[in-house]
file entry_14.json (JSON, C-alpha atoms)
[["chain", "number", "residue", "atom", "x", "y", "z"],
["A", 12, "MET", "CA", 0.00, 0.00, 0.00],
["A", 13, "PRO", "CA", 1.62, 3.25, -1.06],
["A", 14, "ILE", "CA", 1.56, 6.07, 1.46],
["A", 15, "GLY", "CA", 2.19, 9.70, 0.70],
["A", 16, "PRO", "CA", 5.06, 11.89, 1.84],
["A", 17, "PHE", "CA", 2.80, 13.85, 4.19],
["A", 18, "THR", "CA", 1.85, 10.65, 6.01],
["A", 19, "ILE", "CA", 5.49, 9.57, 6.25],
["A", 20, "VAL", "CA", 6.49, 12.95, 7.75],
["A", 21, "ALA", "CA", 3.49, 12.91, 10.10],
["A", 22, "ILE", "CA", 4.47, 9.45, 11.40],
["A", 23, "TYR", "CA", 8.02, 10.70, 12.07],
["A", 24, "PHE", "CA", 6.66, 13.81, 13.82],
["A", 25, "VAL", "CA", 4.48, 11.70, 16.14],
["A", 26, "CYS", "CA", 7.40, 9.31, 16.82],
["A", 27, "TRP", "CA", 9.72, 12.24, 17.62],
["A", 28, "TRP", "CA", 7.36, 13.81, 20.15],
["A", 29, "THR", "CA", 6.58, 10.47, 21.79],
["A", 30, "VAL", "CA", 10.28, 9.63, 22.14],
["A", 31, "LEU", "CA", 11.03, 13.16, 23.40],
["A", 32, "PHE", "CA", 8.66, 12.75, 26.33],
["A", 33, "ALA", "CA", 10.20, 9.36, 27.09],
["A", 34, "VAL", "CA", 13.77, 10.78, 26.98],
["A", 35, "LEU", "CA", 13.22, 14.04, 28.91],
["A", 36, "PRO", "CA", 13.19, 12.55, 32.44],
["A", 37, "LEU", "CA", 16.29, 10.41, 31.86],
["A", 38, "GLY", "CA", 19.32, 11.46, 33.87],
["A", 39, "MET", "CA", 17.41, 13.80, 36.17],
["A", 40, "ASN", "CA", 18.52, 13.39, 39.76],
["A", 41, "GLN", "CA", 17.81, 15.96, 42.45],
["A", 42, "GLU", "CA", 19.47, 14.27, 45.43],
["A", 43, "GLY", "CA", 22.53, 16.53, 45.48],
["A", 44, "GLN", "CA", 20.76, 19.63, 44.24],
["A", 45, "GLU", "CA", 20.87, 22.69, 46.48],
["A", 46, "LYS", "CA", 17.66, 24.53, 47.28],
["A", 47, "PRO", "CA", 17.51, 27.55, 44.92],
["A", 48, "THR", "CA", 17.82, 30.97, 46.54],
["A", 49, "ASP", "CA", 17.35, 33.08, 43.39],
["A", 50, "GLY", "CA", 13.62, 32.41, 42.98],
["A", 51, "ALA", "CA", 14.04, 29.51, 40.56],
["A", 52, "GLN", "CA", 11.60, 26.60, 40.58],
["A", 53, "TRP", "CA", 12.59, 23.89, 43.09],
["A", 54, "GLY", "CA", 11.73, 21.05, 40.70],
["A", 55, "ALA", "CA", 13.68, 22.48, 37.76],
["A", 56, "PRO", "CA", 16.93, 20.64, 37.01],
["A", 57, "ALA", "CA", 20.17, 22.61, 37.31],
["A", 58, "ASN", "CA", 21.49, 21.20, 34.00],
["A", 59, "PRO", "CA", 18.75, 19.68, 31.81],
["A", 60, "ASN", "CA", 21.11, 18.69, 28.89],
["A", 61, "LEU", "CA", 18.45, 19.57, 26.32],
["A", 62, "LYS", "CA", 20.78, 19.55, 23.30],
["A", 63, "LYS", "CA", 21.94, 16.01, 24.11],
["A", 64, "LYS", "CA", 18.34, 14.91, 24.70],
["A", 65, "PHE", "CA", 17.15, 16.40, 21.38],
["A", 66, "ILE", "CA", 19.95, 14.61, 19.51],
["A", 67, "THR", "CA", 19.14, 11.35, 21.28],
["A", 68, "THR", "CA", 15.44, 11.85, 20.54],
["A", 69, "THR", "CA", 16.18, 12.41, 16.85],
["A", 70, "TRP", "CA", 18.18, 9.21, 16.26],
["A", 71, "VAL", "CA", 15.99, 7.00, 18.48],
["A", 72, "SER", "CA", 12.83, 8.27, 16.78],
["A", 73, "ALA", "CA", 14.45, 7.63, 13.37],
["A", 74, "ILE", "CA", 14.94, 3.99, 14.35],
["A", 75, "VAL", "CA", 11.37, 3.71, 15.65],
["A", 76, "TRP", "CA", 10.09, 5.46, 12.49],
["A", 77, "VAL", "CA", 11.89, 3.02, 10.17],
["A", 78, "PHE", "CA", 10.52, 0.10, 12.21],
["A", 79, "ILE", "CA", 6.96, 1.46, 11.92],
["A", 80, "LEU", "CA", 7.33, 2.05, 8.16],
["A", 81, "VAL", "CA", 8.58, -1.52, 7.72],
["A", 82, "LEU", "CA", 5.53, -2.76, 9.62],
["A", 83, "ILE", "CA", 3.25, -0.68, 7.40],
["A", 84, "TRP", "CA", 4.90, -1.74, 4.11],
["A", 85, "THR", "CA", 4.93, -5.44, 5.04],
["A", 86, "GLY", "CA", 1.25, -5.35, 5.99],
["A", 87, "TRP", "CA", 1.67, -6.13, 9.69],
["A", 88, "MET", "CA", 0.23, -2.72, 10.61],
["A", 89, "PRO", "CA", -1.96, -1.55, 7.73],
["A", 90, "LEU", "CA", -3.19, 2.02, 7.64],
["A", 91, "PRO", "CA", -6.92, 2.53, 7.11],
["A", 92, "ASN", "CA", -8.07, 3.64, 3.69],
["A", 93, "ILE", "CA", -9.91, 6.92, 4.34],
["A", 94, "ARG", "CA", -10.57, 7.88, 0.72]]
call {"tool": "encode", "arguments": {"input": "entry_14.json", "output": "structure tokens"}}
result
Amino acid sequence: MPIGPFTIVAIYFVCWWTVLFAVLPLGMNQEGQEKPTDGAQWGAPANPNLKKKFITTTWVSAIVWVFILVLIWTGWMPLPNIR
């Protein structure tokens, strides 16, 4: 079943956001964190490593995306025909 480029990009977009929310809490530890005195939020991490997490999210979601496309093209996970 052929799928269009918009659908392929939309599947990657959904994979990326799902993986992002799975990766964001990784590596967050507040045991040694000092209580902020400058008015910052207590639950906010001192060093969130967002660039590293975005890069990790991008390559992990690419792997998940390829796996999902293989499932679609082999027929294991067919998309509904909405035409």
call {"tool": "atom_distance", "arguments": {"input": "entry_14.json", "atom1": "atom CA of A:Trp70", "atom2": "atom CA of A:Val34"}}
result
11.7 Å
call {"tool": "closest_residue", "arguments": {"input": "entry_14.json", "among": "A:Pro13, A:Pro47, A:Pro36, A:Pro59", "to": "A:Ile83", "atoms": "all atoms listed in the file"}}
result
A:Pro13
call {"tool": "residues_around", "arguments": {"input": "entry_14.json", "residues": "A:Pro89", "least_positions_apart": "5", "cutoff": "10 Å", "atoms": "only C-alpha atoms", "output": "ChimeraX atom specification"}}
result
/A:12,80,82-84
call {"tool": "residues_around", "arguments": {"input": "entry_14.json", "residues": "A:Phe32", "least_positions_apart": "6", "cutoff": "12 Å", "atoms": "all atoms listed in the file", "output": "ChimeraX atom specification"}}
result
/A:25-26,61,64-65,67-68,72
call {"tool": "atom_distance", "arguments": {"input": "entry_14.json", "atom1": "atom CA of A:Ala73", "atom2": "atom CA of A:Tyr23"}}
result
7.2 Å
call {"tool": "atom_distance", "arguments": {"input": "entry_14.json", "atom1": "atom CA of A:Ile74", "atom2": "atom CA of A:Pro91"}}
result
23.1 Å
call {"tool": "closest_residue", "arguments": {"input": "entry_14.json", "among": "A:Trp27, A:Val75, A:Val20, A:Asn60", "to": "A:Met39", "atoms": "all atoms listed in the file"}}
result
A:Asn60
call {"tool": "closest_residue", "arguments": {"input": "entry_14.json", "among": "A:Asn40, A:Leu31, A:Val71, A:Thr85", "to": "A:Pro56", "atoms": "all atoms listed in the file"}}
result
A:Asn40
call {"tool": "axis_aligned_box", "arguments": {"input": "entry_14.json", "around": "stretch 46-57 of chain A", "padding_each_side": "8 Å", "output": "lines of an AutoDock Vina configuration file"}}
result
center_x = 15.9
center_y = 26.9
center_z = 42.1
size_x = 24.6
size_y = 28.4
size_z = 26.3
call {"tool": "residues_around", "arguments": {"input": "entry_14.json", "residues": "A:Gly15", "least_positions_apart": "6", "cutoff": "12 Å", "atoms": "only C-alpha atoms", "output": "PyMOL selection string"}}
result
chain A and resi 21-22+80+90
